[in-house]
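A.B. asks: I'm passing along upload.cif; it holds mmCIF, C-alpha atoms.
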```cif
data_start
#
loop_
_atom_site.label_atom_id
_atom_site.label_comp_id
_atom_site.auth_asym_id
_atom_site.auth_seq_id
_atom_site.Cartn_x
_atom_site.Cartn_y
_atom_site.Cartn_z
CA MET A 1 10.83 0.16 -25.05
CA SER A 2 7.71 -0.27 -27.13
CA GLU A 3 5.02 -2.28 -25.41
CA ASN A 4 4.95 -4.53 -28.48
CA ASN A 5 8.47 -5.76 -27.76
CA LEU A 6 7.79 -6.76 -24.17
CA LYS A 7 7.48 -10.39 -23.19
CA PHE A 8 4.03 -10.64 -21.66
CA LEU A 9 3.07 -13.57 -19.48
CA GLU A 10 0.30 -14.55 -21.87
CA THR A 11 -2.80 -13.18 -23.51
CA VAL A 12 -6.38 -13.61 -22.36
CA ALA A 13 -9.43 -13.38 -24.56
CA SER A 14 -11.99 -12.53 -21.90
CA ASP A 15 -12.58 -11.17 -18.44
CA ARG A 16 -13.35 -14.72 -17.33
CA GLY A 17 -9.94 -15.82 -18.57
CA ALA A 18 -8.26 -13.04 -16.61
CA MET A 19 -10.16 -13.78 -13.41
CA LYS A 20 -9.26 -17.46 -13.76
CA LEU A 21 -5.60 -16.42 -13.68
CA ALA A 22 -6.25 -14.38 -10.52
CA ILE A 23 -7.93 -17.42 -8.95
CA GLU A 24 -5.02 -19.65 -10.00
CA ALA A 25 -2.61 -17.17 -8.41
CA ALA A 26 -4.63 -17.32 -5.18
CA TRP A 27 -4.40 -21.13 -5.29
CA GLU A 28 -0.63 -20.98 -5.69
CA GLY A 29 -0.52 -18.88 -2.55
CA ILE A 30 -2.90 -21.09 -0.59
CA LYS A 31 -0.75 -24.13 -1.34
CA LYS A 32 2.21 -22.28 0.22
CA GLY A 33 0.25 -21.33 3.35
CA GLN A 34 -0.48 -17.80 2.18
CA SER A 35 -3.83 -16.02 2.43
CA PRO A 36 -6.54 -16.76 -0.18
CA PHE A 37 -6.29 -13.74 -2.45
CA GLY A 38 -5.11 -13.42 -6.04
CA SER A 39 -4.86 -10.65 -8.63
CA CYS A 40 -4.04 -10.22 -12.27
CA ILE A 41 -3.44 -7.07 -14.33
CA VAL A 42 -4.31 -6.99 -18.01
CA LYS A 43 -3.82 -4.34 -20.70
CA ASN A 44 -5.47 -4.85 -24.08
CA GLY A 45 -5.78 -8.57 -23.44
CA ARG A 46 -2.14 -8.96 -22.48
CA VAL A 47 -1.35 -10.18 -18.98
CA LEU A 48 1.19 -7.93 -17.28
CA ALA A 49 1.31 -9.55 -13.85
CA CYS A 50 -0.38 -12.15 -11.68
CA ALA A 51 0.24 -12.34 -7.95
CA HIS A 52 -0.99 -13.87 -4.75
CA ASN A 53 -1.01 -12.45 -1.25
CA GLY A 54 2.44 -12.77 0.32
CA VAL A 55 1.95 -11.22 3.76
CA TRP A 56 3.20 -14.25 5.70
CA GLU A 57 5.98 -15.40 3.41
CA SER A 58 7.50 -11.92 3.17
CA THR A 59 6.64 -10.72 6.73
CA ASN A 60 5.11 -7.72 4.99
CA PRO A 61 1.59 -6.60 5.94
CA THR A 62 1.33 -4.61 2.71
CA SER A 63 1.95 -7.62 0.45
CA HIS A 64 -1.65 -7.94 -0.71
CA SER A 65 -2.13 -9.57 -4.10
CA GLU A 66 -3.28 -6.31 -5.69
CA MET A 67 -0.20 -4.46 -4.43
CA ASN A 68 2.08 -7.20 -5.75
CA ALA A 69 0.34 -7.24 -9.12
CA ILE A 70 0.51 -3.44 -9.44
CA GLN A 71 4.22 -3.49 -8.61
CA GLY A 72 4.78 -6.31 -11.10
CA ALA A 73 2.89 -4.56 -13.89
CA CYS A 74 4.86 -1.35 -13.30
CA ARG A 75 8.14 -3.28 -13.50
CA MET A 76 6.92 -4.96 -16.69
CA LEU A 77 6.04 -1.69 -18.42
CA GLY A 78 8.77 0.41 -16.80
CA THR A 79 6.29 3.06 -15.67
CA ILE A 80 4.22 4.02 -12.64
CA ASP A 81 1.28 4.85 -14.94
CA LEU A 82 -1.04 1.90 -15.50
CA SER A 83 -3.70 3.87 -17.40
CA GLY A 84 -5.64 1.52 -19.64
CA CYS A 85 -5.00 -1.45 -17.36
CA VAL A 86 -7.66 -3.60 -15.69
CA LEU A 87 -7.06 -5.06 -12.25
CA PHE A 88 -8.79 -8.39 -11.65
CA ALA A 89 -8.97 -9.33 -7.97
CA THR A 90 -10.56 -12.37 -6.37
CA CYS A 91 -11.73 -10.12 -3.52
CA GLU A 92 -12.82 -6.49 -3.34
CA PRO A 93 -9.72 -4.34 -2.83
CA CYS A 94 -9.24 -3.02 0.69
CA PRO A 95 -8.69 0.75 1.01
CA MET A 96 -4.90 0.26 0.79
CA CYS A 97 -5.19 -1.62 -2.50
CA TYR A 98 -7.89 0.66 -3.86
CA SER A 99 -5.63 3.65 -3.15
CA ALA A 100 -2.66 1.92 -4.78
CA ALA A 101 -4.82 1.48 -7.90
CA HIS A 102 -5.59 5.21 -7.72
CA TRP A 103 -1.88 6.12 -7.54
CA ALA A 104 -1.12 3.76 -10.44
CA ARG A 105 -4.02 5.24 -12.46
CA ILE A 106 -5.59 1.83 -13.07
CA SER A 107 -8.63 2.31 -15.34
CA LYS A 108 -10.90 -0.48 -14.17
CA ILE A 109 -11.24 -2.92 -11.28
CA VAL A 110 -13.10 -6.24 -11.60
CA PHE A 111 -13.53 -8.21 -8.39
CA GLY A 112 -15.33 -11.31 -7.14
CA ALA A 113 -15.84 -11.75 -3.39
CA LYS A 114 -16.58 -8.85 -1.04
CA ILE A 115 -14.61 -7.29 1.83
CA LYS A 116 -17.33 -8.75 4.06
CA ASP A 117 -16.35 -12.29 2.91
CA ALA A 118 -12.74 -11.67 3.93
CA GLN A 119 -13.92 -10.31 7.25
CA LEU A 120 -16.05 -13.42 7.85
CA ALA A 121 -12.93 -15.50 7.11
CA GLY A 122 -11.23 -13.71 10.02
CA PHE A 123 -9.29 -10.91 8.34
CA ASN A 124 -9.03 -7.58 10.17
CA GLU A 125 -10.66 -5.66 7.32
CA MET A 126 -11.52 -1.98 7.38
CA GLU A 127 -15.18 -1.88 6.44
CA ILE A 128 -14.85 0.69 3.69
CA PRO A 129 -16.16 -0.55 0.34
CA ALA A 130 -14.09 0.18 -2.75
CA GLU A 131 -17.12 1.98 -4.18
CA ARG A 132 -17.09 4.36 -1.19
CA MET A 133 -13.38 5.05 -1.71
CA LYS A 134 -14.13 5.90 -5.32
CA GLU A 135 -16.93 8.31 -4.38
CA MET A 136 -14.81 10.09 -1.79
CA SER A 137 -11.78 10.45 -4.05
CA GLU A 138 -13.87 11.37 -7.10
CA ASP A 139 -11.92 8.86 -9.17
CA LYS A 140 -13.22 7.95 -12.62
CA ILE A 141 -12.11 4.34 -12.17
CA GLU A 142 -14.66 1.78 -13.47
CA PHE A 143 -15.93 -1.05 -11.28
CA VAL A 144 -17.39 -4.49 -11.83
CA SER A 145 -18.25 -6.23 -8.57
CA GLY A 146 -19.37 -9.80 -7.89
CA PHE A 147 -17.66 -11.14 -11.01
CA MET A 148 -17.28 -14.95 -10.76
CA GLU A 149 -18.20 -14.39 -7.14
CA LYS A 150 -18.95 -18.03 -6.36
CA GLU A 151 -15.54 -19.25 -7.57
CA CYS A 152 -13.81 -16.40 -5.73
CA ARG A 153 -15.67 -16.96 -2.47
CA ARG A 154 -14.87 -20.66 -2.64
CA LEU A 155 -11.19 -19.75 -2.11
CA PHE A 156 -11.98 -18.78 1.49
CA SER A 157 -13.76 -22.01 2.40
CA THR A 158 -11.15 -24.30 0.86
CA TRP A 159 -8.34 -22.28 2.44
CA TYR A 160 -10.08 -22.66 5.79
CA GLU A 161 -10.63 -26.40 5.31
CA LEU A 162 -7.00 -26.96 4.34
CA GLY A 163 -6.05 -25.49 7.71
CA LYS A 164 -2.61 -24.30 6.55
CA GLY A 165 -3.22 -20.59 6.68
CA LYS A 166 -4.16 -18.05 9.27
CA PRO A 167 -5.87 -14.69 8.91
CA TYR A 168 -4.22 -11.45 10.00
CA MET B 1 14.66 -13.15 18.94
CA SER B 2 14.15 -10.86 21.90
CA GLU B 3 13.69 -7.26 20.91
CA ASN B 4 16.51 -6.39 23.29
CA ASN B 5 19.01 -8.24 21.14
CA LEU B 6 18.13 -6.44 17.92
CA LYS B 7 20.42 -3.82 16.45
CA PHE B 8 18.28 -0.73 16.25
CA LEU B 9 19.24 2.21 14.08
CA GLU B 10 19.45 4.48 17.10
CA THR B 11 17.39 5.74 19.99
CA VAL B 12 15.45 8.99 20.17
CA ALA B 13 14.51 10.79 23.33
CA SER B 14 11.56 12.77 22.00
CA ASP B 15 8.92 13.05 19.32
CA ARG B 16 10.87 15.98 17.92
CA GLY B 17 13.93 13.78 17.58
CA ALA B 18 11.93 11.16 15.72
CA MET B 19 10.35 13.69 13.36
CA LYS B 20 13.78 15.14 12.66
CA LEU B 21 14.84 11.70 11.45
CA ALA B 22 11.78 11.55 9.17
CA ILE B 23 12.68 14.99 7.79
CA GLU B 24 16.30 13.89 7.27
CA ALA B 25 15.03 10.83 5.40
CA ALA B 26 12.93 13.08 3.17
CA TRP B 27 16.04 15.18 2.46
CA GLU B 28 18.01 12.12 1.49
CA GLY B 29 15.28 11.33 -1.02
CA ILE B 30 15.04 14.88 -2.36
CA LYS B 31 18.79 14.93 -3.03
CA LYS B 32 18.29 11.81 -5.18
CA GLY B 33 15.42 13.32 -7.15
CA GLN B 34 12.73 11.54 -5.14
CA SER B 35 9.53 13.10 -3.81
CA PRO B 36 9.67 15.15 -0.58
CA PHE B 37 8.29 12.71 1.97
CA GLY B 38 9.97 10.93 4.86
CA SER B 39 8.92 8.58 7.65
CA CYS B 40 10.34 7.01 10.74
CA ILE B 41 8.96 4.26 13.01
CA VAL B 42 9.80 4.18 16.68
CA LYS B 43 8.99 1.71 19.45
CA ASN B 44 9.77 2.65 23.04
CA GLY B 45 12.25 5.27 21.87
CA ARG B 46 14.09 2.87 19.59
CA VAL B 47 14.16 3.64 15.89
CA LEU B 48 13.09 0.63 13.83
CA ALA B 49 13.14 2.16 10.35
CA CYS B 50 13.49 5.46 8.51
CA ALA B 51 12.60 5.78 4.85
CA HIS B 52 11.97 8.27 2.09
CA ASN B 53 9.58 8.06 -0.82
CA GLY B 54 11.02 5.89 -3.58
CA VAL B 55 8.30 5.98 -6.25
CA TRP B 56 10.59 7.20 -9.04
CA GLU B 57 13.76 5.32 -8.18
CA SER B 58 11.92 1.99 -7.88
CA THR B 59 9.26 2.61 -10.57
CA ASN B 60 6.78 1.65 -7.87
CA PRO B 61 3.76 3.88 -7.24
CA THR B 62 3.26 2.26 -3.82
CA SER B 63 6.74 3.18 -2.56
CA HIS B 64 5.57 5.95 -0.24
CA SER B 65 7.83 6.67 2.72
CA GLU B 66 5.28 5.29 5.20
CA MET B 67 4.98 2.01 3.27
CA ASN B 68 8.76 1.67 3.13
CA ALA B 69 9.14 2.41 6.84
CA ILE B 70 6.39 -0.09 7.77
CA GLN B 71 8.05 -2.78 5.64
CA GLY B 72 11.44 -1.97 7.19
CA ALA B 73 10.13 -2.08 10.74
CA CYS B 74 8.44 -5.44 10.09
CA ARG B 75 11.70 -6.84 8.70
CA MET B 76 13.55 -5.48 11.73
CA LEU B 77 11.20 -7.10 14.26
CA GLY B 78 10.36 -10.18 12.17
CA THR B 79 6.62 -9.65 12.55
CA ILE B 80 3.70 -8.07 10.73
CA ASP B 81 2.39 -6.72 14.06
CA LEU B 82 3.69 -3.24 14.85
CA SER B 83 1.49 -2.73 17.93
CA GLY B 84 3.13 -0.24 20.26
CA CYS B 85 4.91 1.49 17.39
CA VAL B 86 4.60 5.16 16.44
CA LEU B 87 4.77 6.22 12.80
CA PHE B 88 6.25 9.69 12.26
CA ALA B 89 5.52 11.07 8.80
CA THR B 90 6.47 14.45 7.37
CA CYS B 91 3.08 14.54 5.61
CA GLU B 92 -0.36 13.21 6.53
CA PRO B 93 -0.61 9.60 5.34
CA CYS B 94 -2.68 9.11 2.20
CA PRO B 95 -5.43 6.46 2.41
CA MET B 96 -3.02 3.78 1.14
CA CYS B 97 -0.51 4.52 3.88
CA TYR B 98 -3.17 4.98 6.54
CA SER B 99 -4.57 1.55 5.63
CA ALA B 100 -1.10 -0.01 5.69
CA ALA B 101 -0.74 1.36 9.24
CA HIS B 102 -4.08 -0.27 10.07
CA TRP B 103 -2.94 -3.65 8.72
CA ALA B 104 0.34 -3.36 10.64
CA ARG B 105 -1.56 -2.39 13.81
CA ILE B 106 0.51 0.77 14.30
CA SER B 107 -0.61 2.41 17.59
CA LYS B 108 -0.04 6.08 16.81
CA ILE B 109 0.60 8.35 13.84
CA VAL B 110 2.32 11.74 14.21
CA PHE B 111 2.46 13.86 11.08
CA GLY B 112 3.48 17.36 9.99
CA ALA B 113 2.17 18.72 6.70
CA LYS B 114 -1.32 17.98 5.37
CA ILE B 115 -2.57 16.06 2.33
CA LYS B 116 -3.64 19.47 1.03
CA ASP B 117 0.00 20.62 1.04
CA ALA B 118 1.02 17.63 -1.10
CA GLN B 119 -1.86 18.37 -3.43
CA LEU B 120 -0.77 22.00 -3.78
CA ALA B 121 2.71 20.69 -4.65
CA GLY B 122 1.13 18.85 -7.58
CA PHE B 123 0.59 15.33 -6.23
CA ASN B 124 -2.52 13.48 -7.38
CA GLU B 125 -3.81 13.05 -3.83
CA MET B 126 -7.11 11.49 -2.88
CA GLU B 127 -8.74 14.09 -0.66
CA ILE B 128 -9.55 11.76 2.20
CA PRO B 129 -8.04 12.91 5.51
CA ALA B 130 -6.40 10.27 7.70
CA GLU B 131 -8.83 11.26 10.46
CA ARG B 132 -11.76 10.37 8.17
CA MET B 133 -10.18 6.98 7.40
CA LYS B 134 -9.90 6.37 11.13
CA GLU B 135 -13.55 7.26 11.76
CA MET B 136 -14.79 5.02 8.96
CA SER B 137 -12.68 2.06 9.97
CA GLU B 138 -13.34 2.54 13.68
CA ASP B 139 -9.65 2.14 14.40
CA LYS B 140 -8.36 3.07 17.82
CA ILE B 141 -5.14 4.46 16.35
CA GLU B 142 -3.99 7.74 17.97
CA PHE B 143 -3.25 10.85 15.92
CA VAL B 144 -1.14 13.96 16.31
CA SER B 145 -1.44 16.29 13.34
CA GLY B 146 0.48 19.43 12.46
CA PHE B 147 3.56 18.33 14.43
CA MET B 148 6.60 20.38 13.34
CA GLU B 149 4.38 21.44 10.48
CA LYS B 150 6.53 24.37 9.36
CA GLU B 151 9.67 22.24 8.99
CA CYS B 152 7.68 19.52 7.21
CA ARG B 153 5.95 21.90 4.81
CA ARG B 154 9.29 23.49 3.98
CA LEU B 155 10.28 20.20 2.32
CA PHE B 156 7.80 20.89 -0.48
CA SER B 157 9.05 24.39 -1.28
CA THR B 158 12.73 23.47 -1.25
CA TRP B 159 12.05 20.36 -3.35
CA TYR B 160 10.24 22.58 -5.83
CA GLU B 161 13.01 25.19 -5.88
CA LEU B 162 15.67 22.53 -6.44
CA GLY B 163 13.80 21.56 -9.59
CA LYS B 164 15.05 17.94 -9.56
CA GLY B 165 11.80 16.21 -8.74
CA LYS B 166 8.40 15.88 -10.30
CA PRO B 167 5.06 15.10 -8.72
CA TYR B 168 3.00 12.07 -9.72
#
```
Let me see the file written as structure tokens.

C.D. replies:
Amino acid sequence: MSENNLKFLETVASDRGAMKLAIEAAWEGIKKGQSPFGSCIVKNGRVLACAHNGVWESTNPTSHSEMNAIQGACRMLGTIDLSGCVLFATCEPCPMCYSAAHWARISKIVFGAKIKDAQLAGFNEMEIPAERMKEMSEDKIEFVSGFMEKECRRLFSTWYELGKGKPY
Amino acid sequence: MSENNLKFLETVASDRGAMKLAIEAAWEGIKKGQSPFGSCIVKNGRVLACAHNGVWESTNPTSHSEMNAIQGACRMLGTIDLSGCVLFATCEPCPMCYSAAHWARISKIVFGAKIKDAQLAGFNEMEIPAERMKEMSEDKIEFVSGFMEKECRRLFSTWYELGKGKPY
């Protein structure tokens, strides 16, 4: 099927617009007691998938928002090759999610908060920055870090104040 | 639910028995045109989940056998905490699968072939050994590498000879 005939979620005109969708996805999750992470995958301005973390609701420790968005984008395009796609994530991808982006051949990752922020919120993070994963794997993937960082970091504090979620 | 009341797949008396199940799972996948990887998760001799790689059949680049087995074991026990579980994998876990084991708090990983073997078979592996991931993350996870290596490596050559699969 030609990509032009697919029904995309919507289009976004800017990186800010895409990250706002990732933040909205995180909010949807937080309201349901999920962890405060959201992602969105965009190709040529067209939104392929938005997802929040679903670890608790699906009893699945691999259900990070990036993993869910990658899986959704692959279903949408009917391929495991997401070359040309940008992954927007409210938090720096952990090594699992970074590696999933590698396997899916994602071209660029834009993220807001840092792994350290998630760790401070109580998550059992591996302290391996996405940038380090890139160096070691010699991937050509592009990175933008600290994008809309303040808005992304705020997800952790509001999630904590709401008191509905728990870290893992 | 008490773990004693759960219906386990079967019991295994030895690590060899468990790895044989992982190899059988890989074979099941190979016969269906999937990639030559299998995994099995065992707790106290009871088999919680066996799975093969399903990247092609599910159009999901994250459907590695280890990921599928971790998800299956979590469903079986109704928890995201697989402490006390051993992951048997026919090939060394890639960084995505290693990290998934970290998140699931798997206690031990036993694997046969090496990432290098998968790379030689044509897979777009990140060259980051599981042992290196462990060092960097300071995990206490135990490792046994090269277990039944010959049988596990044979999966690659027979998969190749059958000519039904393709690497990714």

A.B. asks: For a quick test of understanding: name the residues of chain B lying within 9 Å of chain A when counting all atoms listed in the file, and present them as a PDB file with C-alpha atoms, keeping the file's coordinate frame.

C.D. replies:
```
ATOM      1  CA  VAL B  55       8.300   5.980  -6.250  1.00  0.00           C
ATOM      2  CA  TRP B  56      10.590   7.200  -9.040  1.00  0.00           C
ATOM      3  CA  SER B  58      11.920   1.990  -7.880  1.00  0.00           C
ATOM      4  CA  THR B  59       9.260   2.610 -10.570  1.00  0.00           C
ATOM      5  CA  ASN B  60       6.780   1.650  -7.870  1.00  0.00           C
ATOM      6  CA  PRO B  61       3.760   3.880  -7.240  1.00  0.00           C
ATOM      7  CA  THR B  62       3.260   2.260  -3.820  1.00  0.00           C
ATOM      8  CA  MET B  67       4.980   2.010   3.270  1.00  0.00           C
ATOM      9  CA  ILE B  70       6.390  -0.090   7.770  1.00  0.00           C
ATOM     10  CA  GLN B  71       8.050  -2.780   5.640  1.00  0.00           C
ATOM     11  CA  GLY B  72      11.440  -1.970   7.190  1.00  0.00           C
ATOM     12  CA  CYS B  74       8.440  -5.440  10.090  1.00  0.00           C
ATOM     13  CA  ARG B  75      11.700  -6.840   8.700  1.00  0.00           C
ATOM     14  CA  GLY B  78      10.360 -10.180  12.170  1.00  0.00           C
ATOM     15  CA  THR B  79       6.620  -9.650  12.550  1.00  0.00           C
ATOM     16  CA  ILE B  80       3.700  -8.070  10.730  1.00  0.00           C
ATOM     17  CA  ASP B  81       2.390  -6.720  14.060  1.00  0.00           C
ATOM     18  CA  CYS B  94      -2.680   9.110   2.200  1.00  0.00           C
ATOM     19  CA  PRO B  95      -5.430   6.460   2.410  1.00  0.00           C
ATOM     20  CA  MET B  96      -3.020   3.780   1.140  1.00  0.00           C
ATOM     21  CA  CYS B  97      -0.510   4.520   3.880  1.00  0.00           C
ATOM     22  CA  TYR B  98      -3.170   4.980   6.540  1.00  0.00           C
ATOM     23  CA  SER B  99      -4.570   1.550   5.630  1.00  0.00           C
ATOM     24  CA  ALA B 100      -1.100  -0.010   5.690  1.00  0.00           C
ATOM     25  CA  ALA B 101      -0.740   1.360   9.240  1.00  0.00           C
ATOM     26  CA  HIS B 102      -4.080  -0.270  10.070  1.00  0.00           C
ATOM     27  CA  TRP B 103      -2.940  -3.650   8.720  1.00  0.00           C
ATOM     28  CA  ALA B 104       0.340  -3.360  10.640  1.00  0.00           C
ATOM     29  CA  ASN B 124      -2.520  13.480  -7.380  1.00  0.00           C
ATOM     30  CA  GLU B 125      -3.810  13.050  -3.830  1.00  0.00           C
ATOM     31  CA  MET B 126      -7.110  11.490  -2.880  1.00  0.00           C
ATOM     32  CA  GLU B 127      -8.740  14.090  -0.660  1.00  0.00           C
ATOM     33  CA  ILE B 128      -9.550  11.760   2.200  1.00  0.00           C
ATOM     34  CA  MET B 133     -10.180   6.980   7.400  1.00  0.00           C
ATOM     35  CA  MET B 136     -14.790   5.020   8.960  1.00  0.00           C
ATOM     36  CA  SER B 137     -12.680   2.060   9.970  1.00  0.00           C
ATOM     37  CA  GLU B 138     -13.340   2.540  13.680  1.00  0.00           C
ATOM     38  CA  ASP B 139      -9.650   2.140  14.400  1.00  0.00           C
ATOM     39  CA  TYR B 168       3.000  12.070  -9.720  1.00  0.00           C
TER      40      TYR B 168
END
```

A.B. asks: In the coordinates of the file, take the point (3.5, 17.8, 10.1) and a cut-off of 8 Å; then, counting only C-alpha atoms, name each qualifying protein, DNA or RNA residue as a compact mmCIF listing (two decimals) with C-alpha atoms, in the coordinates of the input.

C.D. replies:
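What landed in selection_10.txt:
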```
# COMPACT_ATOMS: atom_id res chain seq x y z
CA ALA B 89 5.52 11.07 8.80
CA THR B 90 6.47 14.45 7.37
CA CYS B 91 3.08 14.54 5.61
CA GLU B 92 -0.36 13.21 6.53
CA VAL B 110 2.32 11.74 14.21
CA PHE B 111 2.46 13.86 11.08
CA GLY B 112 3.48 17.36 9.99
CA ALA B 113 2.17 18.72 6.70
CA LYS B 114 -1.32 17.98 5.37
CA SER B 145 -1.44 16.29 13.34
CA GLY B 146 0.48 19.43 12.46
CA PHE B 147 3.56 18.33 14.43
CA MET B 148 6.60 20.38 13.34
CA GLU B 149 4.38 21.44 10.48
CA LYS B 150 6.53 24.37 9.36
CA GLU B 151 9.67 22.24 8.99
CA CYS B 152 7.68 19.52 7.21
CA ARG B 153 5.95 21.90 4.81
```

A.B. asks: Would you write out, as a list in words, every residue that the PyMOL selection byres ((chain B and resi 46) around 7) captures in this file?

C.D. replies: Phe8, Glu10, Thr11, Val12, Val42, Lys43, Asn44, Gly45, Val47 and Leu48 of chain B

A.B. asks: In Å to one decimal, how far is CA of Leu9 (chain B) from CA of Leu21 (chain B)?

C.D. replies: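 Atom-to-atom, CA of Leu21 (chain B) and CA of Leu9 (chain B) are spaced 10.8 Å apart.
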
A.B. asks: With all atoms listed in the file as the atoms that count, which of A:Lys32, A:Phe156, A:Val144, A:Pro93 lies nearest to Ala130 (chain A)?

C.D. replies: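 Comparing A:Lys32, A:Phe156, A:Val144, A:Pro93 against Ala130 (chain A), the winner is A:Pro93.
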
A.B. asks: Measure the distance from CA of Lys116 (chain B) to CA of Gly17 (chain B) in Å and round it to one decimal.

C.D. replies: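 Separating CA of Lys116 (chain B) from CA of Gly17 (chain B) is a distance of 24.8 Å.
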
A.B. asks: Enter the distance from CA of Ala22 (chain B) to CA of Cys40 (chain B), in Å, rounded to one decimal.

C.D. replies: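 Going from CA of Ala22 (chain B) over to CA of Cys40 (chain B) covers 5.0 Å.
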
A.B. asks: Would you mind telling me which residue in A:Ala121, A:Gly54, A:Arg154, A:Glu161 lies nearest to Ile23 (chain A) when using all atoms listed in the file?

C.D. replies: A:Arg154

A.B. asks: Convert the output of the PyMOL selection byres ((chain B and resi 162) around 12) on the shown file into explicit residues, formatted as a PyMOL selection string.

C.D. replies: chain B and resi 27+30-36+155-161+163-166

A.B. asks: Here is a test: counting all atoms listed in the file, which residue of A:Ala18, A:Ile109, A:Val86, A:Ala26 is nearest to His52 (chain A)?

C.D. replies: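 Closest to His52 (chain A) of all the choices is A:Ala26.
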
A.B. asks: Taking all atoms listed in the file into account, which of B:Pro129, B:Gly29, B:Gly84, B:Gly38 comes nearest Ser65 (chain B)?

C.D. replies: B:Gly38

A.B. asks: Which of these residues is nearest to Ile115 (chain A), using all atoms listed in the file: A:Ile141, A:Asp15, A:Ser39, A:Glu131?

C.D. replies: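 Using all atoms listed in the file, Ile115 (chain A) sits closest to A:Glu131.
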
A.B. asks: Using only C-alpha atoms for the distances, tell me which of B:Ala69, B:Arg132, B:Glu57, B:Ile41 is nearest to Leu87 (chain B).

C.D. replies: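 Smallest separation from Leu87 (chain B) among the options: B:Ile41.
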